[in-house]
Amino acid sequence: MKRSSEVLLFAAALAVAALVPQLNAQDNPPADKGPRGPRPGMQMMGERMAKELGLTEDQKTQIKAIHEAARPQLEAIRADQSLTREQKREKAQAIQKDTQAKVDAVLTPEQRTKAQAMREKMKEHRGGKGPHGHGPDGKDGPPPPPEGK
């Protein structure tokens with residue numbers, strides 16, 4: 001009986017030891033990564049859009065600065081425990097809308113038209129859902145039926 005409880009205790013200690021590094025890694029992301037970790041998919045998408053839009057180096061620099069300025073604002077909203085989920089969503093959408101307007105101001109009229117078409121195509125690809133997999137109104141669930149049906 002004593003031997004089986006020792007084995008059980010050892011197994012439990014081993015399981016805890018295996019989980020501790022994973023928990024610490026989640027709580028303390030490396031300094032060179034954001035709080036949500038690297039987002040290679042977003043970087044690749046940005047590079048693809050830059051190539052398809054034919055952005056100049058100056059435009060790329062300006063757009064990068066616009067996105068970097070928005071990031072701490074969005075992180076502050078995520079970290080604000082006094083806001084409800086709906087309030088966070090509304091504030092984040094306002095920042096994203098402002099960011100998009102600033103980016104559009106950097107683009108030429110032709111690039112703006114192309115960018116809008118690309119955004120629409122991505123939206124269709126997501127099934128009418130917003131950028132984070134939510135419905136067009138930012139809520140989960142299926143999109144509303146088309147009018148007239």
# chains A, B, ... in the order shown; residues from 1 in each chain; ligands from 1

call {"tool": "residues_around", "arguments": {"residues": "Met49 in chain A", "least_positions_apart": "5", "cutoff": "12 Å", "atoms": "only C-alpha atoms", "output": "ChimeraX atom specification"}}
result
/A:42-44,54-55,60,63,111-112,114-119,122

call {"tool": "write_last_selection", "arguments": {"atoms": "N, CA, C and O atoms", "output": "PDB file, in the first residue's frame"}}
result
ATOM      1  N   MET A  42      -0.400  37.305 -39.940  1.00  0.00           N
ATOM      2  CA  MET A  42      -0.709  38.712 -40.182  1.00  0.00           C
ATOM      3  C   MET A  42       0.444  39.384 -40.925  1.00  0.00           C
ATOM      4  O   MET A  42       0.217  40.193 -41.813  1.00  0.00           O
ATOM      5  N   GLN A  43       1.664  39.039 -40.570  1.00  0.00           N
ATOM      6  CA  GLN A  43       2.820  39.620 -41.236  1.00  0.00           C
ATOM      7  C   GLN A  43       2.837  39.207 -42.704  1.00  0.00           C
ATOM      8  O   GLN A  43       3.063  40.033 -43.583  1.00  0.00           O
ATOM      9  N   MET A  44       2.575  37.928 -42.960  1.00  0.00           N
ATOM     10  CA  MET A  44       2.556  37.448 -44.342  1.00  0.00           C
ATOM     11  C   MET A  44       1.449  38.130 -45.138  1.00  0.00           C
ATOM     12  O   MET A  44       1.638  38.490 -46.296  1.00  0.00           O
ATOM     13  N   GLY A  54       1.497  47.361 -54.572  1.00  0.00           N
ATOM     14  CA  GLY A  54       2.647  48.073 -55.118  1.00  0.00           C
ATOM     15  C   GLY A  54       3.077  49.224 -54.222  1.00  0.00           C
ATOM     16  O   GLY A  54       3.366  50.327 -54.707  1.00  0.00           O
ATOM     17  N   LEU A  55       3.123  48.978 -52.913  1.00  0.00           N
ATOM     18  CA  LEU A  55       3.495  50.039 -51.978  1.00  0.00           C
ATOM     19  C   LEU A  55       4.958  50.429 -52.138  1.00  0.00           C
ATOM     20  O   LEU A  55       5.821  49.578 -52.348  1.00  0.00           O
ATOM     21  N   LYS A  60       5.247  51.830 -46.987  1.00  0.00           N
ATOM     22  CA  LYS A  60       5.389  50.726 -46.043  1.00  0.00           C
ATOM     23  C   LYS A  60       5.804  51.247 -44.669  1.00  0.00           C
ATOM     24  O   LYS A  60       5.262  50.811 -43.645  1.00  0.00           O
ATOM     25  N   ILE A  63       2.824  53.120 -43.032  1.00  0.00           N
ATOM     26  CA  ILE A  63       1.768  52.192 -42.609  1.00  0.00           C
ATOM     27  C   ILE A  63       2.210  51.391 -41.393  1.00  0.00           C
ATOM     28  O   ILE A  63       1.437  51.187 -40.454  1.00  0.00           O
ATOM     29  N   GLN A 111      -4.611  52.500 -55.245  1.00  0.00           N
ATOM     30  CA  GLN A 111      -4.270  51.542 -54.202  1.00  0.00           C
ATOM     31  C   GLN A 111      -5.427  51.374 -53.223  1.00  0.00           C
ATOM     32  O   GLN A 111      -5.706  50.265 -52.769  1.00  0.00           O
ATOM     33  N   ARG A 112      -6.116  52.484 -52.899  1.00  0.00           N
ATOM     34  CA  ARG A 112      -7.275  52.418 -51.991  1.00  0.00           C
ATOM     35  C   ARG A 112      -8.351  51.525 -52.575  1.00  0.00           C
ATOM     36  O   ARG A 112      -8.950  50.705 -51.876  1.00  0.00           O
ATOM     37  N   LYS A 114      -7.984  49.091 -54.784  1.00  0.00           N
ATOM     38  CA  LYS A 114      -7.503  47.712 -54.734  1.00  0.00           C
ATOM     39  C   LYS A 114      -7.594  47.156 -53.314  1.00  0.00           C
ATOM     40  O   LYS A 114      -8.003  46.008 -53.110  1.00  0.00           O
ATOM     41  N   ALA A 115      -7.186  47.965 -52.345  1.00  0.00           N
ATOM     42  CA  ALA A 115      -7.202  47.515 -50.948  1.00  0.00           C
ATOM     43  C   ALA A 115      -8.625  47.208 -50.504  1.00  0.00           C
ATOM     44  O   ALA A 115      -8.870  46.206 -49.818  1.00  0.00           O
ATOM     45  N   GLN A 116      -9.573  48.059 -50.890  1.00  0.00           N
ATOM     46  CA  GLN A 116     -10.967  47.831 -50.524  1.00  0.00           C
ATOM     47  C   GLN A 116     -11.475  46.535 -51.144  1.00  0.00           C
ATOM     48  O   GLN A 116     -12.164  45.753 -50.490  1.00  0.00           O
ATOM     49  N   ALA A 117     -11.102  46.286 -52.391  1.00  0.00           N
ATOM     50  CA  ALA A 117     -11.516  45.049 -53.063  1.00  0.00           C
ATOM     51  C   ALA A 117     -10.911  43.835 -52.349  1.00  0.00           C
ATOM     52  O   ALA A 117     -11.583  42.815 -52.167  1.00  0.00           O
ATOM     53  N   MET A 118      -9.668  43.951 -51.921  1.00  0.00           N
ATOM     54  CA  MET A 118      -9.019  42.854 -51.202  1.00  0.00           C
ATOM     55  C   MET A 118      -9.706  42.609 -49.864  1.00  0.00           C
ATOM     56  O   MET A 118      -9.905  41.466 -49.459  1.00  0.00           O
ATOM     57  N   ARG A 119     -10.076  43.690 -49.165  1.00  0.00           N
ATOM     58  CA  ARG A 119     -10.777  43.536 -47.881  1.00  0.00           C
ATOM     59  C   ARG A 119     -12.124  42.848 -48.083  1.00  0.00           C
ATOM     60  O   ARG A 119     -12.507  41.985 -47.297  1.00  0.00           O
ATOM     61  N   MET A 122     -11.558  39.175 -48.658  1.00  0.00           N
ATOM     62  CA  MET A 122     -11.253  38.485 -47.404  1.00  0.00           C
ATOM     63  C   MET A 122     -12.510  38.311 -46.564  1.00  0.00           C
ATOM     64  O   MET A 122     -12.717  37.270 -45.948  1.00  0.00           O
TER      65      MET A 122
END

call {"tool": "residues_around", "arguments": {"residues": "range 86-95 of chain A", "least_positions_apart": "3", "cutoff": "9 Å", "atoms": "only C-alpha atoms", "output": "VMD selection string"}}
result
chain A and resid 70 73 to 74 77 to 78 80 83 98 to 100 138 to 139

call {"tool": "write_last_selection", "arguments": {"atoms": "all heavy atoms", "output": "compact mmCIF listing (two decimals), in the first residue's frame"}}
result
# COMPACT_ATOMS: atom_id res chain seq x y z
N ALA A 70 -1.15 52.04 -33.08
CA ALA A 70 -2.44 51.51 -32.65
C ALA A 70 -2.28 50.34 -31.68
O ALA A 70 -3.15 50.12 -30.82
CB ALA A 70 -3.26 51.08 -33.86
N GLN A 73 -2.63 50.93 -27.90
CA GLN A 73 -4.01 51.32 -27.58
C GLN A 73 -4.89 50.07 -27.48
O GLN A 73 -5.70 49.94 -26.56
CB GLN A 73 -4.56 52.27 -28.63
CG GLN A 73 -3.84 53.60 -28.73
CD GLN A 73 -4.33 54.40 -29.92
OE1 GLN A 73 -5.48 54.29 -30.35
NE2 GLN A 73 -3.46 55.22 -30.47
N LEU A 74 -4.73 49.17 -28.43
CA LEU A 74 -5.52 47.94 -28.42
C LEU A 74 -5.15 47.05 -27.24
O LEU A 74 -6.02 46.46 -26.60
CB LEU A 74 -5.34 47.18 -29.74
CG LEU A 74 -5.94 47.86 -30.98
CD1 LEU A 74 -5.46 47.19 -32.25
CD2 LEU A 74 -7.45 47.86 -30.90
N ILE A 77 -6.78 48.32 -24.12
CA ILE A 77 -8.20 47.95 -24.06
C ILE A 77 -8.34 46.51 -23.60
O ILE A 77 -9.17 46.21 -22.74
CB ILE A 77 -8.87 48.16 -25.44
CG1 ILE A 77 -8.97 49.66 -25.74
CG2 ILE A 77 -10.25 47.52 -25.47
CD1 ILE A 77 -9.37 49.96 -27.17
N ARG A 78 -7.54 45.62 -24.17
CA ARG A 78 -7.61 44.20 -23.77
C ARG A 78 -7.31 44.02 -22.29
O ARG A 78 -7.89 43.16 -21.64
CB ARG A 78 -6.62 43.37 -24.59
CG ARG A 78 -7.05 43.12 -25.99
CD ARG A 78 -6.08 42.19 -26.70
NE ARG A 78 -6.27 42.26 -28.13
CZ ARG A 78 -5.43 42.84 -28.98
NH1 ARG A 78 -4.30 43.35 -28.55
NH2 ARG A 78 -5.69 42.87 -30.25
N ASP A 80 -7.79 46.24 -19.87
CA ASP A 80 -8.68 47.00 -18.99
C ASP A 80 -9.80 46.12 -18.46
O ASP A 80 -10.76 45.81 -19.16
CB ASP A 80 -9.26 48.19 -19.75
CG ASP A 80 -10.00 49.16 -18.85
OD1 ASP A 80 -10.37 48.79 -17.71
OD2 ASP A 80 -10.23 50.31 -19.28
N LEU A 83 -13.75 47.25 -18.28
CA LEU A 83 -14.63 47.28 -19.45
C LEU A 83 -15.29 45.92 -19.66
O LEU A 83 -14.68 44.89 -19.44
CB LEU A 83 -13.83 47.62 -20.71
CG LEU A 83 -13.15 48.98 -20.75
CD1 LEU A 83 -12.29 49.10 -21.99
CD2 LEU A 83 -14.17 50.10 -20.72
N ASP A 98 -10.20 53.97 -37.19
CA ASP A 98 -9.30 55.13 -37.28
C ASP A 98 -7.99 54.73 -37.96
O ASP A 98 -7.47 55.46 -38.81
CB ASP A 98 -9.05 55.68 -35.88
CG ASP A 98 -8.13 56.89 -35.90
OD1 ASP A 98 -8.47 57.89 -36.56
OD2 ASP A 98 -7.06 56.83 -35.24
N THR A 99 -7.47 53.57 -37.58
CA THR A 99 -6.22 53.08 -38.17
C THR A 99 -6.40 52.87 -39.67
O THR A 99 -5.55 53.26 -40.47
CB THR A 99 -5.79 51.76 -37.50
OG1 THR A 99 -5.58 52.01 -36.11
CG2 THR A 99 -4.53 51.20 -38.13
N GLN A 100 -7.53 52.28 -40.06
CA GLN A 100 -7.79 52.04 -41.48
C GLN A 100 -7.88 53.35 -42.24
O GLN A 100 -7.37 53.47 -43.36
CB GLN A 100 -9.07 51.23 -41.66
CG GLN A 100 -9.27 50.75 -43.08
CD GLN A 100 -8.13 49.87 -43.53
OE1 GLN A 100 -7.86 48.83 -42.93
NE2 GLN A 100 -7.43 50.26 -44.57
N GLY A 138 -19.93 42.04 -34.97
CA GLY A 138 -18.95 41.77 -33.93
C GLY A 138 -19.37 40.70 -32.95
O GLY A 138 -18.66 40.36 -32.03
N LYS A 139 -20.57 40.13 -33.15
CA LYS A 139 -21.07 39.10 -32.25
C LYS A 139 -20.95 37.74 -32.91
O LYS A 139 -20.92 37.65 -34.14
CB LYS A 139 -22.52 39.39 -31.89
CG LYS A 139 -22.67 40.70 -31.15
CD LYS A 139 -24.09 41.00 -30.82
CE LYS A 139 -24.16 42.34 -30.11
NZ LYS A 139 -25.49 42.84 -30.02

call {"tool": "atom_distance", "arguments": {"atom1": "CA of Gln59 in chain A", "atom2": "CA of Ala105 in chain A"}}
result
10.2 Å

call {"tool": "residues_around", "arguments": {"residues": "His67 in chain A", "least_positions_apart": "5", "cutoff": "10 Å", "atoms": "only C-alpha atoms", "output": "ChimeraX atom specification"}}
result
/A:62,72,96,99-100,102-103

call {"tool": "atom_distance", "arguments": {"atom1": "CA of Asp104 in chain A", "atom2": "CA of Ile66 in chain A"}}
result
10.8 Å

call {"tool": "atom_distance", "arguments": {"atom1": "CA of Glu110 in chain A", "atom2": "CA of Glu57 in chain A"}}
result
17.1 Å
